[in-house]
$ cat entry_5.cif   # mmCIF, N, CA and C atoms
data_protein
#
loop_
_atom_site.label_atom_id
_atom_site.label_comp_id
_atom_site.auth_asym_id
_atom_site.auth_seq_id
_atom_site.Cartn_x
_atom_site.Cartn_y
_atom_site.Cartn_z
N MET A 1 -70.03 -24.81 78.45
CA MET A 1 -69.51 -23.96 77.40
C MET A 1 -68.44 -24.71 76.63
N GLU A 2 -68.35 -24.41 75.36
CA GLU A 2 -67.31 -25.00 74.54
C GLU A 2 -65.95 -24.51 75.04
N GLU A 3 -64.96 -25.38 75.03
CA GLU A 3 -63.65 -25.03 75.53
C GLU A 3 -62.83 -24.20 74.54
N ASP A 4 -63.14 -24.28 73.26
CA ASP A 4 -62.40 -23.54 72.24
C ASP A 4 -62.85 -22.09 72.26
N THR A 5 -62.05 -21.24 72.87
CA THR A 5 -62.43 -19.83 73.01
C THR A 5 -62.12 -19.00 71.78
N THR A 6 -61.50 -19.60 70.76
CA THR A 6 -61.19 -18.86 69.55
C THR A 6 -62.39 -18.75 68.62
N GLN A 7 -63.38 -19.61 68.83
CA GLN A 7 -64.59 -19.56 67.99
C GLN A 7 -65.47 -18.40 68.42
N GLN A 8 -66.05 -17.75 67.45
CA GLN A 8 -67.01 -16.69 67.72
C GLN A 8 -68.31 -17.06 67.05
N PRO A 9 -69.43 -16.84 67.58
CA PRO A 9 -69.66 -16.30 68.92
C PRO A 9 -69.54 -17.38 70.00
N PRO A 10 -69.42 -16.97 71.26
CA PRO A 10 -69.35 -17.96 72.34
C PRO A 10 -70.67 -18.72 72.41
N HIS A 11 -70.59 -20.01 72.68
CA HIS A 11 -71.79 -20.82 72.75
C HIS A 11 -71.58 -22.01 73.67
N GLY A 12 -72.67 -22.61 74.07
CA GLY A 12 -72.63 -23.80 74.91
C GLY A 12 -73.01 -25.02 74.10
N HIS A 13 -72.73 -26.20 74.66
CA HIS A 13 -73.08 -27.45 74.00
C HIS A 13 -73.54 -28.45 75.05
N ILE A 14 -74.69 -29.05 74.83
CA ILE A 14 -75.20 -30.10 75.70
C ILE A 14 -74.68 -31.42 75.16
N THR A 15 -73.93 -32.14 75.97
CA THR A 15 -73.36 -33.41 75.54
C THR A 15 -74.30 -34.58 75.81
N SER A 16 -74.97 -34.56 76.95
CA SER A 16 -75.83 -35.68 77.31
C SER A 16 -76.88 -35.23 78.31
N LEU A 17 -78.07 -35.80 78.17
CA LEU A 17 -79.14 -35.56 79.13
C LEU A 17 -79.95 -36.84 79.22
N ALA A 18 -80.16 -37.32 80.44
CA ALA A 18 -80.95 -38.53 80.64
C ALA A 18 -81.76 -38.40 81.91
N VAL A 19 -82.96 -38.96 81.89
CA VAL A 19 -83.84 -38.99 83.05
C VAL A 19 -84.31 -40.43 83.21
N LEU A 20 -84.29 -40.94 84.44
CA LEU A 20 -84.77 -42.30 84.69
C LEU A 20 -86.17 -42.47 84.11
N ARG A 21 -86.43 -43.63 83.55
CA ARG A 21 -87.76 -43.90 82.99
C ARG A 21 -88.86 -43.64 84.01
N THR A 22 -88.60 -44.03 85.26
CA THR A 22 -89.61 -43.87 86.31
C THR A 22 -89.86 -42.41 86.67
N HIS A 23 -89.01 -41.50 86.19
CA HIS A 23 -89.15 -40.09 86.53
C HIS A 23 -89.45 -39.21 85.33
N ARG A 24 -89.75 -39.82 84.21
CA ARG A 24 -90.05 -39.05 83.00
C ARG A 24 -91.47 -38.50 83.05
N LYS A 25 -91.75 -37.56 82.18
CA LYS A 25 -93.05 -36.89 82.06
C LYS A 25 -93.37 -36.06 83.31
N ARG A 26 -92.33 -35.57 83.97
CA ARG A 26 -92.50 -34.70 85.13
C ARG A 26 -91.87 -33.33 84.91
N GLY A 27 -91.35 -33.09 83.71
CA GLY A 27 -90.74 -31.80 83.42
C GLY A 27 -89.30 -31.67 83.87
N ILE A 28 -88.69 -32.78 84.28
CA ILE A 28 -87.32 -32.72 84.79
C ILE A 28 -86.34 -32.35 83.68
N ALA A 29 -86.45 -33.01 82.53
CA ALA A 29 -85.54 -32.71 81.41
C ALA A 29 -85.70 -31.26 80.95
N THR A 30 -86.94 -30.80 80.88
CA THR A 30 -87.20 -29.42 80.47
C THR A 30 -86.57 -28.45 81.45
N ALA A 31 -86.75 -28.70 82.75
CA ALA A 31 -86.19 -27.82 83.77
C ALA A 31 -84.66 -27.81 83.73
N LEU A 32 -84.06 -28.98 83.56
CA LEU A 32 -82.60 -29.06 83.48
C LEU A 32 -82.08 -28.30 82.27
N MET A 33 -82.75 -28.47 81.14
CA MET A 33 -82.32 -27.77 79.93
C MET A 33 -82.47 -26.26 80.08
N ARG A 34 -83.61 -25.82 80.57
CA ARG A 34 -83.83 -24.38 80.71
C ARG A 34 -82.84 -23.75 81.67
N ARG A 35 -82.55 -24.45 82.76
CA ARG A 35 -81.59 -23.89 83.73
C ARG A 35 -80.18 -23.83 83.14
N SER A 36 -79.79 -24.89 82.44
CA SER A 36 -78.45 -24.89 81.84
C SER A 36 -78.34 -23.79 80.78
N GLN A 37 -79.39 -23.59 80.00
CA GLN A 37 -79.39 -22.51 79.01
C GLN A 37 -79.28 -21.15 79.67
N LEU A 38 -80.02 -20.96 80.75
CA LEU A 38 -79.98 -19.70 81.49
C LEU A 38 -78.57 -19.42 81.99
N GLU A 39 -77.92 -20.43 82.55
CA GLU A 39 -76.57 -20.25 83.08
C GLU A 39 -75.56 -19.98 81.96
N MET A 40 -75.69 -20.70 80.85
CA MET A 40 -74.78 -20.46 79.72
C MET A 40 -74.90 -19.03 79.22
N ARG A 41 -76.13 -18.56 79.13
CA ARG A 41 -76.39 -17.21 78.64
C ARG A 41 -75.92 -16.16 79.64
N ASP A 42 -76.32 -16.29 80.89
CA ASP A 42 -76.05 -15.25 81.89
C ASP A 42 -74.62 -15.26 82.43
N VAL A 43 -74.07 -16.44 82.67
CA VAL A 43 -72.75 -16.53 83.28
C VAL A 43 -71.64 -16.47 82.23
N PHE A 44 -71.86 -17.13 81.10
CA PHE A 44 -70.80 -17.24 80.09
C PHE A 44 -71.05 -16.41 78.84
N ALA A 45 -72.13 -15.64 78.82
CA ALA A 45 -72.47 -14.79 77.68
C ALA A 45 -72.57 -15.56 76.37
N ALA A 46 -73.11 -16.77 76.44
CA ALA A 46 -73.30 -17.58 75.23
C ALA A 46 -74.36 -16.94 74.34
N LYS A 47 -74.16 -17.06 73.05
CA LYS A 47 -75.12 -16.55 72.07
C LYS A 47 -76.12 -17.61 71.67
N TYR A 48 -75.74 -18.87 71.83
CA TYR A 48 -76.64 -19.98 71.54
C TYR A 48 -76.12 -21.23 72.24
N VAL A 49 -76.95 -22.27 72.24
CA VAL A 49 -76.55 -23.57 72.76
C VAL A 49 -76.86 -24.60 71.68
N SER A 50 -75.97 -25.59 71.55
CA SER A 50 -76.16 -26.62 70.53
C SER A 50 -76.20 -28.00 71.19
N LEU A 51 -76.71 -28.96 70.44
CA LEU A 51 -76.76 -30.35 70.87
C LEU A 51 -76.96 -31.23 69.65
N HIS A 52 -76.74 -32.52 69.83
CA HIS A 52 -77.02 -33.51 68.78
C HIS A 52 -78.08 -34.46 69.31
N VAL A 53 -78.97 -34.88 68.43
CA VAL A 53 -80.01 -35.83 68.81
C VAL A 53 -80.18 -36.84 67.68
N ARG A 54 -80.36 -38.10 68.05
CA ARG A 54 -80.58 -39.15 67.05
C ARG A 54 -81.82 -38.82 66.22
N LYS A 55 -81.73 -39.09 64.92
CA LYS A 55 -82.88 -38.86 64.06
C LYS A 55 -84.06 -39.72 64.47
N SER A 56 -83.79 -40.89 65.06
CA SER A 56 -84.87 -41.81 65.45
C SER A 56 -85.48 -41.48 66.81
N ASN A 57 -84.90 -40.57 67.56
CA ASN A 57 -85.38 -40.28 68.92
C ASN A 57 -86.49 -39.22 68.86
N ARG A 58 -87.69 -39.69 68.63
CA ARG A 58 -88.83 -38.79 68.44
C ARG A 58 -89.19 -38.01 69.71
N ALA A 59 -89.07 -38.65 70.87
CA ALA A 59 -89.41 -37.97 72.13
C ALA A 59 -88.45 -36.80 72.38
N ALA A 60 -87.15 -37.04 72.21
CA ALA A 60 -86.17 -35.98 72.43
C ALA A 60 -86.33 -34.88 71.37
N PHE A 61 -86.57 -35.29 70.14
CA PHE A 61 -86.76 -34.32 69.07
C PHE A 61 -87.96 -33.41 69.38
N HIS A 62 -89.04 -33.98 69.88
CA HIS A 62 -90.22 -33.19 70.25
C HIS A 62 -89.88 -32.23 71.38
N LEU A 63 -89.17 -32.70 72.40
CA LEU A 63 -88.77 -31.84 73.51
C LEU A 63 -87.97 -30.65 73.00
N TYR A 64 -86.98 -30.92 72.17
CA TYR A 64 -86.11 -29.85 71.71
C TYR A 64 -86.80 -28.88 70.75
N THR A 65 -87.60 -29.40 69.82
CA THR A 65 -88.20 -28.51 68.83
C THR A 65 -89.47 -27.83 69.33
N GLN A 66 -90.35 -28.57 69.98
CA GLN A 66 -91.63 -28.02 70.38
C GLN A 66 -91.59 -27.29 71.72
N THR A 67 -90.95 -27.89 72.70
CA THR A 67 -90.93 -27.30 74.04
C THR A 67 -89.82 -26.26 74.20
N LEU A 68 -88.62 -26.58 73.71
CA LEU A 68 -87.47 -25.72 73.94
C LEU A 68 -87.10 -24.86 72.75
N LYS A 69 -87.78 -25.04 71.63
CA LYS A 69 -87.63 -24.18 70.43
C LYS A 69 -86.25 -24.25 69.78
N TYR A 70 -85.64 -25.42 69.79
CA TYR A 70 -84.40 -25.63 69.04
C TYR A 70 -84.75 -25.76 67.56
N GLU A 71 -83.79 -25.44 66.71
CA GLU A 71 -83.96 -25.58 65.27
C GLU A 71 -82.83 -26.45 64.72
N ILE A 72 -83.13 -27.18 63.66
CA ILE A 72 -82.11 -28.02 63.03
C ILE A 72 -81.13 -27.11 62.30
N HIS A 73 -79.87 -27.25 62.64
CA HIS A 73 -78.81 -26.48 61.99
C HIS A 73 -78.20 -27.29 60.85
N ASP A 74 -78.06 -28.61 61.07
CA ASP A 74 -77.42 -29.47 60.08
C ASP A 74 -77.76 -30.92 60.42
N VAL A 75 -77.40 -31.84 59.53
CA VAL A 75 -77.51 -33.27 59.79
C VAL A 75 -76.11 -33.85 59.73
N GLU A 76 -75.71 -34.52 60.80
CA GLU A 76 -74.39 -35.15 60.87
C GLU A 76 -74.56 -36.62 60.48
N LYS A 77 -74.10 -36.95 59.30
CA LYS A 77 -74.20 -38.33 58.80
C LYS A 77 -73.30 -39.25 59.62
N GLY A 78 -73.86 -40.39 60.07
CA GLY A 78 -73.09 -41.39 60.79
C GLY A 78 -72.50 -40.90 62.09
N TYR A 79 -73.14 -39.97 62.75
CA TYR A 79 -72.61 -39.36 63.98
C TYR A 79 -72.42 -40.38 65.10
N TYR A 80 -73.37 -41.28 65.25
CA TYR A 80 -73.32 -42.25 66.34
C TYR A 80 -72.53 -43.49 65.94
N ALA A 81 -72.01 -44.21 66.95
CA ALA A 81 -71.16 -45.38 66.71
C ALA A 81 -71.87 -46.45 65.87
N ASP A 82 -73.19 -46.54 65.99
CA ASP A 82 -73.94 -47.53 65.21
C ASP A 82 -74.25 -47.05 63.80
N GLY A 83 -73.76 -45.85 63.45
CA GLY A 83 -73.94 -45.32 62.11
C GLY A 83 -75.16 -44.44 61.91
N GLU A 84 -75.97 -44.30 62.95
CA GLU A 84 -77.18 -43.47 62.81
C GLU A 84 -76.80 -42.00 62.68
N ASP A 85 -77.59 -41.29 61.88
CA ASP A 85 -77.40 -39.85 61.70
C ASP A 85 -77.92 -39.10 62.92
N ALA A 86 -77.44 -37.87 63.08
CA ALA A 86 -77.89 -37.01 64.18
C ALA A 86 -78.27 -35.65 63.62
N TYR A 87 -79.28 -35.06 64.23
CA TYR A 87 -79.59 -33.66 63.96
C TYR A 87 -78.65 -32.81 64.81
N ASP A 88 -77.99 -31.85 64.19
CA ASP A 88 -77.22 -30.84 64.90
C ASP A 88 -78.21 -29.70 65.12
N MET A 89 -78.58 -29.47 66.39
CA MET A 89 -79.64 -28.50 66.69
C MET A 89 -79.09 -27.33 67.50
N ARG A 90 -79.73 -26.18 67.34
CA ARG A 90 -79.32 -24.98 68.07
C ARG A 90 -80.52 -24.23 68.61
N CYS A 91 -80.30 -23.63 69.76
CA CYS A 91 -81.26 -22.70 70.35
C CYS A 91 -80.53 -21.37 70.48
N MET A 92 -80.97 -20.41 69.68
CA MET A 92 -80.31 -19.10 69.66
C MET A 92 -80.89 -18.21 70.76
N PHE A 93 -80.02 -17.42 71.37
CA PHE A 93 -80.45 -16.43 72.34
C PHE A 93 -80.61 -15.11 71.61
N ASP A 94 -81.65 -14.37 71.92
CA ASP A 94 -81.88 -13.07 71.29
C ASP A 94 -80.77 -12.09 71.66
N GLY A 95 -80.66 -11.02 70.88
CA GLY A 95 -79.66 -9.99 71.14
C GLY A 95 -79.81 -9.33 72.50
N ASP A 96 -81.03 -9.40 73.07
CA ASP A 96 -81.25 -8.78 74.38
C ASP A 96 -80.91 -9.73 75.52
N GLY A 97 -80.30 -10.88 75.18
CA GLY A 97 -79.87 -11.80 76.22
C GLY A 97 -80.89 -12.85 76.59
N LYS A 98 -82.02 -12.90 75.90
CA LYS A 98 -83.05 -13.88 76.20
C LYS A 98 -83.03 -14.97 75.15
N ASP A 99 -83.40 -16.19 75.57
CA ASP A 99 -83.50 -17.25 74.57
C ASP A 99 -84.85 -17.11 73.87
N ASN A 100 -85.07 -17.93 72.88
CA ASN A 100 -86.27 -17.78 72.07
C ASN A 100 -87.46 -18.54 72.64
N GLN A 101 -87.51 -18.68 73.95
CA GLN A 101 -88.61 -19.39 74.59
C GLN A 101 -89.46 -18.41 75.38
N LYS A 102 -90.70 -18.82 75.61
CA LYS A 102 -91.56 -17.98 76.43
C LYS A 102 -91.08 -18.02 77.87
N ASP A 103 -91.32 -16.94 78.59
CA ASP A 103 -90.87 -16.82 79.96
C ASP A 103 -91.87 -17.50 80.88
N GLU A 104 -91.49 -18.62 81.47
CA GLU A 104 -92.38 -19.32 82.36
C GLU A 104 -91.57 -20.03 83.44
N THR A 105 -92.22 -20.29 84.56
CA THR A 105 -91.59 -20.99 85.65
C THR A 105 -91.93 -22.46 85.56
N VAL A 106 -90.96 -23.31 85.75
CA VAL A 106 -91.18 -24.75 85.70
C VAL A 106 -91.00 -25.29 87.09
N GLU A 107 -92.03 -25.99 87.59
CA GLU A 107 -91.93 -26.60 88.90
C GLU A 107 -91.40 -28.02 88.74
N THR A 108 -90.40 -28.37 89.54
CA THR A 108 -89.82 -29.70 89.49
C THR A 108 -89.66 -30.21 90.90
N PRO A 109 -89.59 -31.53 91.05
CA PRO A 109 -89.37 -32.07 92.40
C PRO A 109 -87.99 -31.68 92.90
N ASP A 110 -87.89 -31.53 94.21
CA ASP A 110 -86.58 -31.25 94.80
C ASP A 110 -85.72 -32.49 94.66
N LEU A 111 -84.52 -32.30 94.20
CA LEU A 111 -83.60 -33.42 94.03
C LEU A 111 -82.60 -33.44 95.16
N LEU A 112 -82.37 -34.61 95.69
CA LEU A 112 -81.36 -34.80 96.72
C LEU A 112 -80.23 -35.58 96.09
N VAL A 113 -79.01 -35.13 96.31
CA VAL A 113 -77.86 -35.82 95.75
C VAL A 113 -77.21 -36.63 96.85
N GLU A 114 -77.18 -37.95 96.65
CA GLU A 114 -76.56 -38.85 97.60
C GLU A 114 -75.66 -39.81 96.84
N GLY A 115 -74.42 -39.84 97.17
CA GLY A 115 -73.50 -40.78 96.53
C GLY A 115 -73.36 -40.55 95.04
N GLY A 116 -73.55 -39.31 94.59
CA GLY A 116 -73.37 -39.00 93.18
C GLY A 116 -74.59 -39.25 92.32
N THR A 117 -75.71 -39.69 92.92
CA THR A 117 -76.92 -39.90 92.13
C THR A 117 -78.03 -39.03 92.67
N ALA A 118 -78.88 -38.58 91.80
CA ALA A 118 -80.00 -37.74 92.20
C ALA A 118 -81.17 -38.62 92.58
N LYS A 119 -81.82 -38.28 93.68
CA LYS A 119 -82.98 -39.04 94.13
C LYS A 119 -84.13 -38.07 94.39
N THR A 120 -85.35 -38.56 94.20
CA THR A 120 -86.53 -37.77 94.55
C THR A 120 -87.28 -38.50 95.64
N ASP A 121 -88.43 -37.97 96.05
CA ASP A 121 -89.22 -38.63 97.07
C ASP A 121 -89.63 -40.04 96.65
N GLU A 122 -89.91 -40.22 95.35
CA GLU A 122 -90.21 -41.54 94.84
C GLU A 122 -88.91 -42.15 94.36
N VAL A 123 -88.60 -43.33 94.84
CA VAL A 123 -87.34 -43.97 94.48
C VAL A 123 -87.56 -44.80 93.24
N GLY A 124 -86.77 -44.53 92.20
CA GLY A 124 -86.85 -45.30 90.96
C GLY A 124 -85.75 -46.33 90.91
N ASP A 125 -85.95 -47.36 90.12
CA ASP A 125 -84.94 -48.39 89.93
C ASP A 125 -83.90 -47.88 88.94
N ALA A 126 -82.67 -47.70 89.39
CA ALA A 126 -81.61 -47.16 88.55
C ALA A 126 -81.34 -48.05 87.35
N SER A 127 -81.69 -49.32 87.44
CA SER A 127 -81.45 -50.22 86.31
C SER A 127 -82.38 -49.90 85.14
N GLN A 128 -83.40 -49.09 85.35
CA GLN A 128 -84.32 -48.74 84.28
C GLN A 128 -83.92 -47.49 83.53
N SER A 129 -82.78 -46.91 83.87
CA SER A 129 -82.35 -45.70 83.18
C SER A 129 -81.81 -46.05 81.82
N GLU A 130 -81.92 -45.10 80.90
CA GLU A 130 -81.34 -45.29 79.58
C GLU A 130 -79.96 -44.67 79.60
N ALA A 131 -78.98 -45.43 79.23
CA ALA A 131 -77.60 -44.95 79.27
C ALA A 131 -77.18 -44.34 77.95
N SER A 132 -78.05 -44.37 76.95
CA SER A 132 -77.65 -43.84 75.65
C SER A 132 -77.58 -42.32 75.69
N PRO A 133 -76.44 -41.75 75.30
CA PRO A 133 -76.24 -40.31 75.40
C PRO A 133 -77.10 -39.54 74.41
N LYS A 134 -77.43 -38.33 74.80
CA LYS A 134 -78.11 -37.35 73.96
C LYS A 134 -79.49 -37.79 73.53
N ASP A 135 -80.10 -38.78 74.21
CA ASP A 135 -81.37 -39.31 73.74
C ASP A 135 -82.59 -38.81 74.49
N ASP A 136 -82.45 -38.10 75.60
CA ASP A 136 -83.65 -37.60 76.27
C ASP A 136 -83.29 -36.47 77.17
#

$ encode --input "entry_5.cif" --output "structure tokens"
Amino acid sequence: MEEDTTQQPPHGHITSLAVLRTHRKRGIATALMRRSQLEMRDVFAAKYVSLHVRKSNRAAFHLYTQTLKYEIHDVEKGYYADGEDAYDMRCMFDGDGKDNQKDETVETPDLLVEGGTAKTDEVGDASQSEASPKDD
């Protein structure tokens, strides 16, 4: 949730999401996003959640627009340190407390947390992760 409580309506913001390359295409990012949205809505009474995504990040843009039903709110010129623009995107929650996504269950692998890192049954090489924020 955003820390500035003077803004109305209350909302959440996703700062960064990354999944190891070896663990992509398993629904992990979708499950993480849906769960975080659910918690923002139910626990903090958020009306929407926002995020920024690079204009060049087609995979993330597809996830947010097609799978998670985010909409472009604005374009932030030069948002990233390298000067690239970002889409300012939002997913609005309906007045009845539901987000604008279909109700479905997402199955994901059980994650074990060891030493601050998440591991699954298949061990991926941590050096293959993308460290760029807000890109997946």

$ residues_around --input "entry_5.cif" --residues "segment 35-46 of chain A" --least-positions-apart "3" --cutoff "6 Å" --atoms "all atoms listed in the file" --output "PDB file with N, CA and C atoms, keeping the file's coordinate frame"
ATOM      1  N   PRO A  10     -69.420 -16.970  71.260  1.00  0.00           N
ATOM      2  CA  PRO A  10     -69.350 -17.960  72.340  1.00  0.00           C
ATOM      3  C   PRO A  10     -70.670 -18.720  72.410  1.00  0.00           C
ATOM      4  N   HIS A  11     -70.590 -20.010  72.680  1.00  0.00           N
ATOM      5  CA  HIS A  11     -71.790 -20.820  72.750  1.00  0.00           C
ATOM      6  C   HIS A  11     -71.580 -22.010  73.670  1.00  0.00           C
ATOM      7  N   GLY A  12     -72.670 -22.610  74.070  1.00  0.00           N
ATOM      8  CA  GLY A  12     -72.630 -23.800  74.910  1.00  0.00           C
ATOM      9  C   GLY A  12     -73.010 -25.020  74.100  1.00  0.00           C
ATOM     10  N   THR A  30     -86.940 -30.800  80.880  1.00  0.00           N
ATOM     11  CA  THR A  30     -87.200 -29.420  80.470  1.00  0.00           C
ATOM     12  C   THR A  30     -86.570 -28.450  81.450  1.00  0.00           C
ATOM     13  N   ALA A  31     -86.750 -28.700  82.750  1.00  0.00           N
ATOM     14  CA  ALA A  31     -86.190 -27.820  83.770  1.00  0.00           C
ATOM     15  C   ALA A  31     -84.660 -27.810  83.730  1.00  0.00           C
ATOM     16  N   LEU A  32     -84.060 -28.980  83.560  1.00  0.00           N
ATOM     17  CA  LEU A  32     -82.600 -29.060  83.480  1.00  0.00           C
ATOM     18  C   LEU A  32     -82.080 -28.300  82.270  1.00  0.00           C
TER      19      LEU A  32
END

$ closest_residue --input "entry_5.cif" --among "A:Gln8, A:Met92, A:Arg24, A:Asp85" --to "Ser56 of chain A" --atoms "only C-alpha atoms"
A:Asp85

$ atom_distance --input "entry_5.cif" --atom1 "atom C of Phe93 of chain A" --atom2 "atom C of His73 of chain A"
16.4 Å

$ atom_distance --input "entry_5.cif" --atom1 "atom C of Glu76 of chain A" --atom2 "atom N of Thr22 of chain A"
29.4 Å

$ resolve_selection --input "entry_5.cif" --expression "the PyMOL selection byres (((chain A and resi 52 and name CA) around 8) and name CA)" --output "JSON, numbers by chain"
{"A": [14, 15, 50, 51, 53, 54, 86, 87, 88, 89, 134]}

$ select_by_dssp --input "entry_5.cif" --residues "segment 41-83 of chain A" --states "helix (DSSP H, G or I)" --output "PyMOL selection string"
chain A and resi 41-44+58-67

$ resolve_selection --input "entry_5.cif" --expression "the PyMOL selection byres ((chain A and resi 68-70) around 6)" --output "ChimeraX atom specification"
/A:63-67,71-72,89-91,101

$ atom_distance --input "entry_5.cif" --atom1 "atom CA of Ala29 of chain A" --atom2 "atom CA of Lys55 of chain A"
18.6 Å
